[in-house]
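S.K.: Attaching a single structure in structure tokens format; questions to follow.
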Amino acid sequence: MIKALLARFKQGYRTMEFPSPELKLPHRGLGVPLVKPQGLERAASACPYGAISAGAGPALDLGRCVFCGACAAAAPEAVEFTRDYKVCASSREDLKAGGRDYQRAEALGEELRSMFGRSFRLRQVSAGGCGACEADCNVLQTPAWDLGRFGIQFVASPRHADGLLVTGPVTRNMELALRKTYDAMPEPKVVIACGACAIGGGPYAGHEECVGLPADMPVSLYIPGCPPHPLSILDGLLRLIGRVD
Amino acid sequence: MKVDHLSGFDFAATDLDPVLFFDTAASRLSAGGRALAYFALPEGAGHRLVMAVGFDREGRLEVYSTAFSGPFRALTPSFPQVHLFEREIYEQAGMKPEGHPWLKPVRFNTPGASPGAADYFTVHGSQVHEVAVGPVHAGVIEPGHFRFQCHGEKVFHLEIMLGYQHRGAERRFIGGPDARSLHYAETLAGDTTIGHGWAYCGAVEALAGVNVPPRAQALRGIMLELERLANHTGDLGALAGDAAFLPTAAFNGRLRGEFLNMTALVCGNRFGRNLLRPGGVNFDLDPALIKELKLRLADAYRDVETAVTLLWDTASVTDRFEETGVVPKAAAEGIGLVGPAARASGVGIDTRRNFPSGPYEGFTMSVSGSGDVYSRAYVRWLEIQKSVELVDNWLDSLPAGPLAADCGPLRPDGAAVSLVEGWRGQICHFALTGPDGKFRHYKIVDPSFHNWQGLALALRNGEISDFPLCNKSFNLSYCGRDL
């Protein structure tokens, strides 16, 4: 017992302040990109996922992006990734980073916010993918991030959940389990697509083995990334329930 | 045919006639060989069976193949280590291994197949009951379906059904390498990004005949060991949590992140995405970054040591770990376990020592154990210490020179075997090229492919309540197996 207490003392207090103005992705990290029209064709042809549209309405679609940085390497004058981790968005269209300021996720409506704002329970379903998004969701439950202090918690039963957080491209083999989980959740409920796979298939875009999120599970929050940094996930969740703006 | 690790070879030279192929395979496996890969390669209207055998102690690799269609002689009854390979051949190529005890689907990716809707191994008896869990589990983890065949609390057998994570990654390598190939490799198992990424790069480099510069090799080594450190640290924390010992669970949850953050410091991504490229690496370390990494490594290790030592000093933990989920050495060898799980059962194999390449030349480490949860935990602690030593040394003596060599076209009609000791164990990538120098086939064997059966064995005669502990002690990949 003494040893455990001593160890606790040595480990110290480790919970980070969030949000905090100093927080940024690591210096080689890839966050919200700045996109300029010059040279964007070259960036577009370097992207293996067709995430970049040059020409009229130039944009980088973060819903398709796996953040490999190939575009910025091919055409640094056209695409520059900042260290801004606030990449989440409320609609599929808002994920397109172009000339204007990036449109970050907005909070749920007044009624839902009054229900979920101070107590938000999530059922996570891993539906294909590589397990990295899951790992960075799990990390939010460690003392360093302490998700619980914001009133957010991952729960075991869908019956206890307010939100469904989906990771992975939704494989055919997980389609039914995802559906059953969603159906088991009480109304009202929200869906969160976490990671490139859940949003648009990610590295597996176009695979016949994957079906994607069904249209009748409307998504309230998109968190792009491959995988998203825990900062991005936490920021997204807090924006959704109106705890940061 | 004997082949060299990480060296392209002429695939046609591996051809044997069918009778000789099966006899050779059986005699090599009974001589102590381990099947690294065994698969059916489409060829013309039929198939070609290909087997790679490894002799770990001698560091020897052999590859055999034979043109074959239709039913073939199953090796599983004599060599259980190939059971899943033969089931996979049946599922992918429709060739039936005659004499295989049970051809349960592997990934349920054939028309009409659906995981969960299949025959299970069941135990019958008036007081026998079955407990089913998954595919959606209580925590934030990957999907799989488990059925415990029990009598009271005693588990006769654990039936594991996977395939939910099958997303068709493996077959997308065919026709490559292209701009997406490396991303596929990096996401075969997200927590093994460097391991699989390196195995892929190794296969490409072997077929292109490229020598990776020493600086790039050392940087790869640093990142692979950081990956091991992060995962082993996380696993020890999770094991502590399942023994209801919260101090280490909490400490290690944070400390795992310290290693991931060191990885992100080098390449921008906590899992090591974008670090590798065929021919070398994309990111360098300058003196300031080396100093920072050394500082962080020392800090993190000091805290890991405090946290993990608590485990061995706490009677309630050791009592829970000891003699739980035992996989005896003979069983571990029989089913072909790899990685820390094999070493914990006394099977002293480690790719870093048996098939050393790059920075691992001269690597030595000997670990052993009695095959229980305690051993699988303790082996991780020994490996953490070794990895810290390796990373620290490499940071001190990073060779000068370029970060990458140019990687040209791949040799036509060639093949290469690339092995990497990922944190879960040996990763095997077997690449074959066609006459155009493009991948004609690409076979991936994640360590979990071998080890899932080990978890089933660990549960035999245990209790349902041992499952979380046993599961964490293996911590296998669903996506790496399902591909």
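Note on naming: chains are A, B, ... as they come in the structure tokens, residues start from 1 per chain, ligands start from 1 in the order shown.
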Would you pick out the contacts of Lys294 of chain B at 10 Å or less, using only C-alpha atoms, so that residues sharing its chain but fewer than 5 positions from it are not included, and give the list as a VMD selection string?
M.R.: chain B and resid 262 288 to 289 299 to 300 388 391 to 393 395 to 396
S.K.: At a cut-off of 6 Å, which residues of chain A touch chain B? Count only C-alpha atoms and give the answer as a list in words.
M.R.: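 For chain A, the answer reads Pro26, Arg28, Gly29, Pro48, Cys68, Gln124, Ser126, Gly128, Cys130, Gly131, Ala132, Thr142, Ala144, Ala156, Thr171, Asn173, Met174 and Glu209 of chain A.
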S.K.: Write out as a compact mmCIF listing (two decimals) with N, CA and C atoms, in the first residue's frame all residues of segment 25-180 of chain B that DSSP puts in strand (DSSP E) for this structure's backbone.
M.R.:
```txt
# COMPACT_ATOMS: atom_id res chain seq x y z
N ARG B 34 8.55 -23.87 -39.25
CA ARG B 34 7.32 -23.18 -38.90
C ARG B 34 6.75 -22.61 -40.19
N ALA B 35 5.46 -22.84 -40.43
CA ALA B 35 4.84 -22.30 -41.64
C ALA B 35 4.65 -20.80 -41.46
N LEU B 36 5.38 -20.02 -42.25
CA LEU B 36 5.26 -18.56 -42.16
C LEU B 36 4.09 -18.08 -43.00
N ALA B 37 3.88 -18.77 -44.11
CA ALA B 37 2.76 -18.45 -44.98
C ALA B 37 2.44 -19.70 -45.78
N TYR B 38 1.17 -19.90 -46.07
CA TYR B 38 0.74 -21.04 -46.88
C TYR B 38 -0.53 -20.57 -47.56
N PHE B 39 -0.48 -20.45 -48.88
CA PHE B 39 -1.63 -19.86 -49.56
C PHE B 39 -1.75 -20.40 -50.99
N ALA B 40 -2.92 -20.14 -51.58
CA ALA B 40 -3.18 -20.55 -52.96
C ALA B 40 -3.08 -19.33 -53.86
N LEU B 41 -2.21 -19.43 -54.82
CA LEU B 41 -1.96 -18.33 -55.74
C LEU B 41 -2.71 -18.62 -57.04
N PRO B 42 -3.60 -17.73 -57.48
CA PRO B 42 -4.29 -18.00 -58.74
C PRO B 42 -3.29 -18.09 -59.89
N GLU B 43 -3.45 -19.12 -60.72
CA GLU B 43 -2.52 -19.30 -61.84
C GLU B 43 -3.29 -19.92 -62.99
N GLY B 46 -6.30 -22.44 -62.77
CA GLY B 46 -6.22 -23.14 -61.49
C GLY B 46 -5.46 -22.34 -60.44
N HIS B 47 -4.73 -23.05 -59.63
CA HIS B 47 -4.02 -22.41 -58.54
C HIS B 47 -2.62 -23.01 -58.36
N ARG B 48 -1.83 -22.33 -57.60
CA ARG B 48 -0.53 -22.84 -57.19
C ARG B 48 -0.46 -22.71 -55.68
N LEU B 49 -0.17 -23.81 -55.01
CA LEU B 49 0.00 -23.76 -53.56
C LEU B 49 1.41 -23.31 -53.25
N VAL B 50 1.53 -22.36 -52.33
CA VAL B 50 2.84 -21.82 -51.98
C VAL B 50 3.01 -21.90 -50.47
N MET B 51 4.16 -22.42 -50.05
CA MET B 51 4.43 -22.44 -48.61
C MET B 51 5.81 -21.86 -48.33
N ALA B 52 5.86 -20.97 -47.35
CA ALA B 52 7.15 -20.47 -46.85
C ALA B 52 7.36 -21.08 -45.48
N VAL B 53 8.51 -21.72 -45.30
CA VAL B 53 8.83 -22.37 -44.03
C VAL B 53 10.03 -21.67 -43.42
N GLY B 54 9.97 -21.42 -42.13
CA GLY B 54 11.09 -20.79 -41.44
C GLY B 54 11.68 -21.72 -40.40
N PHE B 55 12.99 -21.78 -40.38
CA PHE B 55 13.69 -22.49 -39.30
C PHE B 55 14.34 -21.42 -38.45
N ARG B 60 16.86 -19.83 -41.22
CA ARG B 60 16.78 -20.34 -42.58
C ARG B 60 15.36 -20.23 -43.11
N LEU B 61 15.25 -19.79 -44.37
CA LEU B 61 13.94 -19.65 -45.02
C LEU B 61 13.88 -20.57 -46.23
N GLU B 62 12.75 -21.22 -46.40
CA GLU B 62 12.57 -22.06 -47.59
C GLU B 62 11.20 -21.77 -48.18
N VAL B 63 11.11 -21.82 -49.50
CA VAL B 63 9.83 -21.60 -50.18
C VAL B 63 9.61 -22.73 -51.19
N TYR B 64 8.43 -23.31 -51.16
CA TYR B 64 8.06 -24.37 -52.09
C TYR B 64 6.73 -24.02 -52.74
N SER B 65 6.55 -24.46 -53.97
CA SER B 65 5.25 -24.26 -54.59
C SER B 65 4.94 -25.41 -55.55
N THR B 66 3.66 -25.56 -55.83
CA THR B 66 3.25 -26.58 -56.80
C THR B 66 1.95 -26.17 -57.47
N ALA B 67 1.86 -26.41 -58.77
CA ALA B 67 0.61 -26.12 -59.48
C ALA B 67 -0.40 -27.17 -59.07
N PHE B 68 -1.57 -26.72 -58.64
CA PHE B 68 -2.52 -27.68 -58.10
C PHE B 68 -3.93 -27.11 -58.18
N PHE B 72 -6.93 -31.19 -51.90
CA PHE B 72 -5.53 -31.56 -51.63
C PHE B 72 -5.41 -32.13 -50.23
N ARG B 73 -4.26 -32.68 -49.96
CA ARG B 73 -4.04 -33.38 -48.70
C ARG B 73 -3.83 -32.37 -47.57
N PRO B 97 -9.03 -28.86 -48.35
CA PRO B 97 -7.99 -29.68 -47.72
C PRO B 97 -8.63 -30.94 -47.14
N GLU B 98 -8.40 -32.08 -47.80
CA GLU B 98 -9.02 -33.34 -47.38
C GLU B 98 -8.42 -33.80 -46.06
N VAL B 128 -24.46 -28.41 -19.45
CA VAL B 128 -23.54 -27.57 -20.20
C VAL B 128 -24.30 -26.35 -20.71
N HIS B 129 -23.73 -25.19 -20.57
CA HIS B 129 -24.37 -24.01 -21.12
C HIS B 129 -23.38 -23.20 -21.93
N GLU B 130 -23.94 -22.26 -22.69
CA GLU B 130 -23.12 -21.50 -23.62
C GLU B 130 -23.30 -20.02 -23.32
N VAL B 131 -22.20 -19.29 -23.29
CA VAL B 131 -22.27 -17.84 -23.11
C VAL B 131 -21.74 -17.19 -24.37
N ALA B 132 -22.54 -16.31 -24.96
CA ALA B 132 -22.12 -15.66 -26.20
C ALA B 132 -21.85 -14.18 -25.94
N VAL B 133 -20.77 -13.66 -26.45
CA VAL B 133 -20.48 -12.22 -26.38
C VAL B 133 -20.02 -11.70 -27.74
N HIS B 145 -16.74 -12.30 -32.19
CA HIS B 145 -17.79 -13.04 -31.48
C HIS B 145 -17.15 -14.21 -30.73
N PHE B 146 -17.49 -14.32 -29.46
CA PHE B 146 -16.90 -15.37 -28.62
C PHE B 146 -18.01 -16.21 -28.01
N ARG B 147 -17.81 -17.51 -28.03
CA ARG B 147 -18.76 -18.37 -27.33
C ARG B 147 -18.03 -19.28 -26.37
N PHE B 148 -18.45 -19.21 -25.13
CA PHE B 148 -17.84 -20.05 -24.10
C PHE B 148 -18.73 -21.27 -23.91
N GLN B 149 -18.13 -22.43 -24.03
CA GLN B 149 -18.84 -23.67 -23.73
C GLN B 149 -18.50 -24.03 -22.30
N CYS B 150 -19.50 -23.94 -21.41
CA CYS B 150 -19.19 -24.00 -19.98
C CYS B 150 -19.98 -25.07 -19.24
N HIS B 151 -19.41 -25.44 -18.13
CA HIS B 151 -20.11 -26.23 -17.14
C HIS B 151 -19.93 -25.47 -15.84
N LYS B 154 -16.73 -23.25 -15.27
CA LYS B 154 -15.59 -23.84 -15.95
C LYS B 154 -15.78 -23.80 -17.47
N VAL B 155 -14.77 -23.31 -18.14
CA VAL B 155 -14.84 -23.22 -19.60
C VAL B 155 -14.20 -24.47 -20.22
N PHE B 156 -15.01 -25.22 -20.95
CA PHE B 156 -14.44 -26.35 -21.68
C PHE B 156 -13.71 -25.86 -22.92
N HIS B 157 -14.37 -24.93 -23.58
CA HIS B 157 -13.80 -24.45 -24.83
C HIS B 157 -14.28 -23.04 -25.11
N LEU B 158 -13.39 -22.24 -25.69
CA LEU B 158 -13.78 -20.91 -26.15
C LEU B 158 -13.77 -20.93 -27.67
N GLU B 159 -14.93 -20.64 -28.22
CA GLU B 159 -15.06 -20.62 -29.67
C GLU B 159 -14.95 -19.17 -30.13
N ILE B 160 -13.99 -18.90 -31.00
CA ILE B 160 -13.76 -17.53 -31.46
C ILE B 160 -14.18 -17.42 -32.91
N MET B 161 -15.06 -16.48 -33.19
CA MET B 161 -15.48 -16.27 -34.57
C MET B 161 -15.19 -14.82 -34.96
```
S.K.: Please measure the separation of atom CA of Cys65 of chain A and atom CA of Glu175 of chain A, giving the value in Å to one decimal.
M.R.: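 Taking atom CA of Cys65 of chain A and atom CA of Glu175 of chain A, their separation equals 23.3 Å.
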S.K.: Tell me which protein, DNA and RNA residues are within 12 Å of Tyr13 of chain A, counting only C-alpha atoms, leaving out same-chain ones fewer than 2 positions away, and put them as a count of residues only.
M.R.: 15
S.K.: Enumerate the residues of segment 73-245 of chain A with a DSSP assignment of helix (DSSP H, G or I), computed from the backbone, and present them as a ChimeraX atom specification.
M.R.: /A:73-74,93-95,110-116,132-141,147-150,158-160,172-184,196-200,202-204,230-240
S.K.: Please provide the set of residues having any atom within 10 Å of Pro402 of chain B, restricted to only C-alpha atoms, with same-chain residues fewer than 6 positions apart removed, written as a VMD selection string.
M.R.: chain B and resid 212 to 216 280 to 281 284
S.K.: Could you tell me which of A:Leu147, A:Gln141, A:Phe120, A:Thr167 comes closest to Asp235 of chain A if we count only C-alpha atoms?
M.R.: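 Of A:Leu147, A:Gln141, A:Phe120, A:Thr167, the one nearest Asp235 of chain A is A:Leu147, counting only C-alpha atoms.
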S.K.: Near Leu469 of chain B, counting only C-alpha atoms, which residues have an atom at most 9 Å away, once you skip same-chain residues fewer than 4 positions from it, shown as a list in words?
M.R.: Ala238, Leu239, Ala240, Gly241, Asp242, Ala243, Arg320, Phe321, Thr324, Gly325, Val373, Ser465, Ser473 and Phe474 of chain B
S.K.: For the selection you just gave me, I'd like the residues written to a file as an mmCIF file, in the first residue's frame, keeping C-alpha atoms.
M.R.:
```
data_model
loop_
_atom_site.group_PDB
_atom_site.id
_atom_site.type_symbol
_atom_site.label_atom_id
_atom_site.label_comp_id
_atom_site.auth_asym_id
_atom_site.auth_seq_id
_atom_site.Cartn_x
_atom_site.Cartn_y
_atom_site.Cartn_z
ATOM 1 C CA ALA B 238 -4.837 -3.006 -19.115
ATOM 2 C CA LEU B 239 -3.779 -6.220 -17.383
ATOM 3 C CA ALA B 240 -3.532 -4.346 -14.105
ATOM 4 C CA GLY B 241 -7.030 -3.008 -14.711
ATOM 5 C CA ASP B 242 -8.386 -6.511 -15.218
ATOM 6 C CA ALA B 243 -6.839 -7.606 -11.944
ATOM 7 C CA ARG B 320 -4.348 -13.369 -10.147
ATOM 8 C CA PHE B 321 -1.726 -13.609 -12.920
ATOM 9 C CA THR B 324 -4.049 -18.334 -15.107
ATOM 10 C CA GLY B 325 -4.505 -19.093 -18.806
ATOM 11 C CA VAL B 373 -0.737 -14.635 -17.794
ATOM 12 C CA SER B 465 -13.924 -14.484 -15.437
ATOM 13 C CA SER B 473 -2.428 -10.897 -22.033
ATOM 14 C CA PHE B 474 -2.501 -11.747 -25.764
#
```
S.K.: Taking a cut-off of 12 Å and counting only C-alpha atoms, can you build a table that, for each residue of segment 153-202 of chain A near segment 237-243 of chain A, reports the nearest atom pair and how far apart they are in Å (one decimal), sorted by chain then residue number, as JSON lines?
M.R.:
```
{"residue": "A:Gln153", "atom": "CA", "partner": "A:Leu237", "partner_atom": "CA", "distance": 10.9}
{"residue": "A:Phe154", "atom": "CA", "partner": "A:Leu237", "partner_atom": "CA", "distance": 12.0}
{"residue": "A:Asp162", "atom": "CA", "partner": "A:Ile241", "partner_atom": "CA", "distance": 11.3}
{"residue": "A:Gly163", "atom": "CA", "partner": "A:Leu237", "partner_atom": "CA", "distance": 10.3}
{"residue": "A:Leu164", "atom": "CA", "partner": "A:Leu237", "partner_atom": "CA", "distance": 11.7}
{"residue": "A:Leu165", "atom": "CA", "partner": "A:Leu237", "partner_atom": "CA", "distance": 10.1}
{"residue": "A:Val190", "atom": "CA", "partner": "A:Leu240", "partner_atom": "CA", "distance": 9.9}
{"residue": "A:Val191", "atom": "CA", "partner": "A:Leu240", "partner_atom": "CA", "distance": 10.8}
{"residue": "A:Ile192", "atom": "CA", "partner": "A:Leu237", "partner_atom": "CA", "distance": 8.8}
{"residue": "A:Ala193", "atom": "CA", "partner": "A:Leu237", "partner_atom": "CA", "distance": 11.0}
{"residue": "A:Cys194", "atom": "CA", "partner": "A:Leu237", "partner_atom": "CA", "distance": 10.3}
```
S.K.: Write out, as an mmCIF file, in the first residue's frame, the residues just selected, with C-alpha atoms.
M.R.:
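As written to disk, result_38.cif reads:
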```
data_model
loop_
_atom_site.group_PDB
_atom_site.id
_atom_site.type_symbol
_atom_site.label_atom_id
_atom_site.label_comp_id
_atom_site.auth_asym_id
_atom_site.auth_seq_id
_atom_site.Cartn_x
_atom_site.Cartn_y
_atom_site.Cartn_z
ATOM 1 C CA GLN A 153 -18.476 8.734 -20.911
ATOM 2 C CA PHE A 154 -18.263 5.646 -23.102
ATOM 3 C CA ASP A 162 -27.145 9.238 -26.130
ATOM 4 C CA GLY A 163 -24.734 9.038 -29.035
ATOM 5 C CA LEU A 164 -23.303 6.413 -31.346
ATOM 6 C CA LEU A 165 -19.653 6.977 -32.217
ATOM 7 C CA VAL A 190 -26.987 11.406 -32.343
ATOM 8 C CA VAL A 191 -24.398 9.763 -34.580
ATOM 9 C CA ILE A 192 -20.730 10.713 -34.706
ATOM 10 C CA ALA A 193 -18.481 9.607 -37.555
ATOM 11 C CA CYS A 194 -14.961 9.399 -36.186
#
```
S.K.: Pro77 of chain B: which residues within 9 Å, counting only C-alpha atoms, same-chain residues fewer than 5 positions away excluded, as a PDB file with N, CA and C atoms, in the first residue's frame?
M.R.:
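Once everything was written out, this is part23.pdb:
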```pdb
ATOM      1  N   HIS B  83      -3.582 -24.964 -39.471  1.00  0.00           N
ATOM      2  CA  HIS B  83      -5.042 -25.132 -39.551  1.00  0.00           C
ATOM      3  C   HIS B  83      -5.751 -23.930 -40.178  1.00  0.00           C
ATOM      4  N   GLY B  99      -9.303 -34.022 -45.080  1.00  0.00           N
ATOM      5  CA  GLY B  99      -8.824 -34.499 -43.790  1.00  0.00           C
ATOM      6  C   GLY B  99      -8.715 -33.392 -42.750  1.00  0.00           C
ATOM      7  N   HIS B 100      -8.990 -32.165 -43.164  1.00  0.00           N
ATOM      8  CA  HIS B 100      -8.980 -31.056 -42.197  1.00  0.00           C
ATOM      9  C   HIS B 100     -10.160 -31.244 -41.252  1.00  0.00           C
ATOM     10  N   PRO B 101      -9.927 -31.127 -39.940  1.00  0.00           N
ATOM     11  CA  PRO B 101     -11.013 -31.443 -38.999  1.00  0.00           C
ATOM     12  C   PRO B 101     -12.219 -30.502 -39.100  1.00  0.00           C
TER      13      PRO B 101
END
```
S.K.: Which value, in Å to one decimal, gives the distance between atom CA of Ala161 of chain A and atom CA of Asn138 of chain A?
M.R.: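 Computing the Euclidean distance for atom CA of Ala161 of chain A and atom CA of Asn138 of chain A yields 16.6 Å.
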S.K.: Rounded to one decimal in Å, what is the spacing between atom CA of Trp312 of chain B and atom CA of Leu295 of chain B?
M.R.: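 Separation of atom CA of Trp312 of chain B and atom CA of Leu295 of chain B: 26.5 Å.
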S.K.: Need to verify the contact set: Asn471 of chain B, 7 Å, only C-alpha atoms, exclusion of same-chain residues closer than 4 positions in sequence. Can you return it as a list in words?
M.R.: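 Final neighbour list, sorted by chain and number: Leu455, Phe467 and Asn475 of chain B.
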